[in-house]
Structure formats: C-alpha cells, structure tokens
Amino acid sequence: MTETANDEYVYDEATGEWVAGGGAAAVASDDGAIVVRDSVGNVLADGDQVTLIKDLTVKGAGQTLKRGTLIKSIRLTGDAQEIDCRYEGIKGLVLRAEFVRKR
C-alpha cells in the first residue's frame with residue numbers, strides 16, 4: 001500500500017487531536033476565527049439551539065441534565081470546545097461541544 005497526501009495527519013496542540021494533513025478538519029478558519037463543531041461535525045454559531053447527546057451531571061448545582069434536553073440560544077466562548085448557555089436554575093452553564101448536537 002502506498003502513502004498519499006491523504007494519509008498524512010498533523011497533531012493539533014490546541015485541541016489535542018490528530019487532524020488530516022489536508023486541513024479538512026482544521027479548527028481555525030482562514031480569517032483566524034475559531035470554528036466550533038458539535039458531536040457530529042456541524043458548525044455552531046451564537047444563538048443556535050442544541051440538544052444534549054448524553055446525561056450530564058452539573059457540578060455545584062446538584063442536578064443532572066438528561067439526554068435530549070434542549071438548550072436554547074448558546075454563546076461561543078472563544079474556546080474550540082466550550083459553549084456558554086443558560087438553563088433553568090443553573091447560572092453560568094458551560095458545556096463541551098462534544099456532548100451536544102445542533103438542532
């Protein structure tokens with residue numbers, strides 16, 4: 001089997017993941033803005049609605065958010081994997097993008 005340019009991967013220190021050398025999975029866009037993707041690869045933006053794909057225990061709130069919970073009006077934080085959001089009774093909720101799916 002011969003190696004081609006498609007077989008090359010580059011370690012991205014910002015995310016800690018191996019990404020394709022062609023740049024198809026790049027985290028930063030051409031203009032330098034950070035691109036935040038959900039668990040299935042959809043690009044997230046401020047104001048989007050997301051659904052949880054896993055039960056999450058919220059530290060300090062004594063509450064568990066169940067799978068399928070709808071979170072409205074998210075805000076991007078500048079980190080490629082964190083989104084800021086609000087939910088009933090929980091202030092300052094920050095979720096990892098890997099646990100949500102764009103609605």
# chains A, B, ... in the order shown; residues from 1 in each chain; ligands from 1

$ residues_around --residues "Asp84 of chain A" --least-positions-apart "4" --cutoff "7 Å" --atoms "only C-alpha atoms" --output "PyMOL selection string"
chain A and resi 74-77+93-95

$ residues_around --residues "Lys54 of chain A" --least-positions-apart "2" --cutoff "9 Å" --atoms "only C-alpha atoms" --output "short mmCIF file (atom, residue, chain, number, x, y, z; two decimals) with C-alpha atoms, in the first residue's frame"
data_model
loop_
_atom_site.label_atom_id
_atom_site.label_comp_id
_atom_site.auth_asym_id
_atom_site.auth_seq_id
_atom_site.Cartn_x
_atom_site.Cartn_y
_atom_site.Cartn_z
CA LEU A 52 -27.63 17.01 24.70
CA LEU A 56 -24.55 15.26 32.23
CA LEU A 65 -29.30 17.25 32.60
CA LYS A 66 -30.82 14.32 30.72
CA ARG A 67 -30.06 13.22 27.19
CA GLY A 68 -32.34 15.01 24.73
CA PHE A 99 -21.76 16.47 24.20
CA VAL A 100 -24.23 18.46 22.07
#

$ atom_distance --atom1 "atom CA of Arg37 of chain A" --atom2 "atom CA of Gly62 of chain A"
27.9 Å

$ atom_distance --atom1 "atom CA of Arg96 of chain A" --atom2 "atom CA of Val58 of chain A"
12.1 Å

$ atom_distance --atom1 "atom CA of Asn42 of chain A" --atom2 "atom CA of Glu98 of chain A"
10.9 Å

$ closest_residue --among "A:Asp55, A:Ile90, A:Gly60, A:Gly47" --to "Lys72 of chain A" --atoms "only C-alpha atoms"
A:Gly47

$ closest_residue --among "A:Ile34, A:Arg86, A:Asp79, A:Leu70" --to "Gln49 of chain A" --atoms "only C-alpha atoms"
A:Leu70

$ decode --residues "segment 43-64 of chain A" --atoms "N, CA, C and O atoms" --output "PDB file, in the first residue's frame"
ATOM      1  N   VAL A  43     -21.199  22.966  12.275  1.00  0.00           N
ATOM      2  CA  VAL A  43     -20.614  24.206  12.781  1.00  0.00           C
ATOM      3  C   VAL A  43     -21.644  24.921  13.649  1.00  0.00           C
ATOM      4  O   VAL A  43     -22.794  25.102  13.250  1.00  0.00           O
ATOM      5  N   LEU A  44     -21.237  25.312  14.856  1.00  0.00           N
ATOM      6  CA  LEU A  44     -22.111  26.025  15.779  1.00  0.00           C
ATOM      7  C   LEU A  44     -21.864  27.517  15.698  1.00  0.00           C
ATOM      8  O   LEU A  44     -20.747  27.956  15.437  1.00  0.00           O
ATOM      9  N   ALA A  45     -22.923  28.303  15.949  1.00  0.00           N
ATOM     10  CA  ALA A  45     -22.825  29.759  15.947  1.00  0.00           C
ATOM     11  C   ALA A  45     -23.613  30.301  17.136  1.00  0.00           C
ATOM     12  O   ALA A  45     -24.442  29.594  17.722  1.00  0.00           O
ATOM     13  N   ASP A  46     -23.357  31.557  17.490  1.00  0.00           N
ATOM     14  CA  ASP A  46     -24.115  32.198  18.569  1.00  0.00           C
ATOM     15  C   ASP A  46     -25.606  32.157  18.246  1.00  0.00           C
ATOM     16  O   ASP A  46     -26.010  32.410  17.110  1.00  0.00           O
ATOM     17  N   GLY A  47     -26.421  31.822  19.257  1.00  0.00           N
ATOM     18  CA  GLY A  47     -27.870  31.799  19.105  1.00  0.00           C
ATOM     19  C   GLY A  47     -28.444  30.468  18.658  1.00  0.00           C
ATOM     20  O   GLY A  47     -29.660  30.314  18.593  1.00  0.00           O
ATOM     21  N   ASP A  48     -27.604  29.496  18.318  1.00  0.00           N
ATOM     22  CA  ASP A  48     -28.097  28.179  17.898  1.00  0.00           C
ATOM     23  C   ASP A  48     -28.764  27.446  19.057  1.00  0.00           C
ATOM     24  O   ASP A  48     -28.510  27.725  20.224  1.00  0.00           O
ATOM     25  N   GLN A  49     -29.619  26.488  18.707  1.00  0.00           N
ATOM     26  CA  GLN A  49     -30.208  25.584  19.684  1.00  0.00           C
ATOM     27  C   GLN A  49     -29.494  24.247  19.563  1.00  0.00           C
ATOM     28  O   GLN A  49     -29.220  23.779  18.460  1.00  0.00           O
ATOM     29  N   VAL A  50     -29.191  23.636  20.716  1.00  0.00           N
ATOM     30  CA  VAL A  50     -28.516  22.347  20.717  1.00  0.00           C
ATOM     31  C   VAL A  50     -29.263  21.378  21.625  1.00  0.00           C
ATOM     32  O   VAL A  50     -30.006  21.781  22.521  1.00  0.00           O
ATOM     33  N   THR A  51     -29.059  20.096  21.391  1.00  0.00           N
ATOM     34  CA  THR A  51     -29.647  19.029  22.186  1.00  0.00           C
ATOM     35  C   THR A  51     -28.517  18.214  22.790  1.00  0.00           C
ATOM     36  O   THR A  51     -27.529  17.917  22.110  1.00  0.00           O
ATOM     37  N   LEU A  52     -28.644  17.834  24.050  1.00  0.00           N
ATOM     38  CA  LEU A  52     -27.630  17.011  24.704  1.00  0.00           C
ATOM     39  C   LEU A  52     -27.689  15.589  24.170  1.00  0.00           C
ATOM     40  O   LEU A  52     -28.770  15.038  23.965  1.00  0.00           O
ATOM     41  N   ILE A  53     -26.534  14.977  23.975  1.00  0.00           N
ATOM     42  CA  ILE A  53     -26.487  13.600  23.477  1.00  0.00           C
ATOM     43  C   ILE A  53     -26.132  12.616  24.585  1.00  0.00           C
ATOM     44  O   ILE A  53     -26.032  11.420  24.339  1.00  0.00           O
ATOM     45  N   LYS A  54     -25.955  13.128  25.805  1.00  0.00           N
ATOM     46  CA  LYS A  54     -25.531  12.297  26.926  1.00  0.00           C
ATOM     47  C   LYS A  54     -26.042  12.927  28.219  1.00  0.00           C
ATOM     48  O   LYS A  54     -26.151  14.140  28.322  1.00  0.00           O
ATOM     49  N   ASP A  55     -26.386  12.106  29.226  1.00  0.00           N
ATOM     50  CA  ASP A  55     -26.743  12.631  30.543  1.00  0.00           C
ATOM     51  C   ASP A  55     -25.509  13.288  31.157  1.00  0.00           C
ATOM     52  O   ASP A  55     -24.431  12.700  31.169  1.00  0.00           O
ATOM     53  N   LEU A  56     -25.669  14.525  31.645  1.00  0.00           N
ATOM     54  CA  LEU A  56     -24.551  15.256  32.228  1.00  0.00           C
ATOM     55  C   LEU A  56     -24.883  15.700  33.639  1.00  0.00           C
ATOM     56  O   LEU A  56     -25.924  16.311  33.871  1.00  0.00           O
ATOM     57  N   THR A  57     -24.016  15.403  34.590  1.00  0.00           N
ATOM     58  CA  THR A  57     -24.169  15.862  35.965  1.00  0.00           C
ATOM     59  C   THR A  57     -23.526  17.233  36.072  1.00  0.00           C
ATOM     60  O   THR A  57     -22.369  17.419  35.725  1.00  0.00           O
ATOM     61  N   VAL A  58     -24.304  18.205  36.560  1.00  0.00           N
ATOM     62  CA  VAL A  58     -23.815  19.573  36.671  1.00  0.00           C
ATOM     63  C   VAL A  58     -23.188  19.749  38.041  1.00  0.00           C
ATOM     64  O   VAL A  58     -23.866  19.647  39.065  1.00  0.00           O
ATOM     65  N   LYS A  59     -21.881  20.022  38.059  1.00  0.00           N
ATOM     66  CA  LYS A  59     -21.178  20.198  39.327  1.00  0.00           C
ATOM     67  C   LYS A  59     -21.656  21.481  40.004  1.00  0.00           C
ATOM     68  O   LYS A  59     -21.803  22.510  39.362  1.00  0.00           O
ATOM     69  N   GLY A  60     -21.876  21.421  41.297  1.00  0.00           N
ATOM     70  CA  GLY A  60     -22.272  22.590  42.069  1.00  0.00           C
ATOM     71  C   GLY A  60     -23.758  22.880  42.047  1.00  0.00           C
ATOM     72  O   GLY A  60     -24.243  23.667  42.847  1.00  0.00           O
ATOM     73  N   ALA A  61     -24.498  22.277  41.125  1.00  0.00           N
ATOM     74  CA  ALA A  61     -25.933  22.538  41.027  1.00  0.00           C
ATOM     75  C   ALA A  61     -26.750  21.383  41.598  1.00  0.00           C
ATOM     76  O   ALA A  61     -27.936  21.542  41.855  1.00  0.00           O
ATOM     77  N   GLY A  62     -26.120  20.225  41.775  1.00  0.00           N
ATOM     78  CA  GLY A  62     -26.847  19.067  42.290  1.00  0.00           C
ATOM     79  C   GLY A  62     -27.958  18.619  41.356  1.00  0.00           C
ATOM     80  O   GLY A  62     -28.994  18.154  41.787  1.00  0.00           O
ATOM     81  N   GLN A  63     -27.731  18.779  40.065  1.00  0.00           N
ATOM     82  CA  GLN A  63     -28.747  18.484  39.066  1.00  0.00           C
ATOM     83  C   GLN A  63     -28.119  17.712  37.914  1.00  0.00           C
ATOM     84  O   GLN A  63     -26.942  17.888  37.603  1.00  0.00           O
ATOM     85  N   THR A  64     -28.904  16.849  37.279  1.00  0.00           N
ATOM     86  CA  THR A  64     -28.442  16.119  36.112  1.00  0.00           C
ATOM     87  C   THR A  64     -29.275  16.527  34.915  1.00  0.00           C
ATOM     88  O   THR A  64     -30.503  16.501  34.972  1.00  0.00           O
TER      89      THR A  64
END
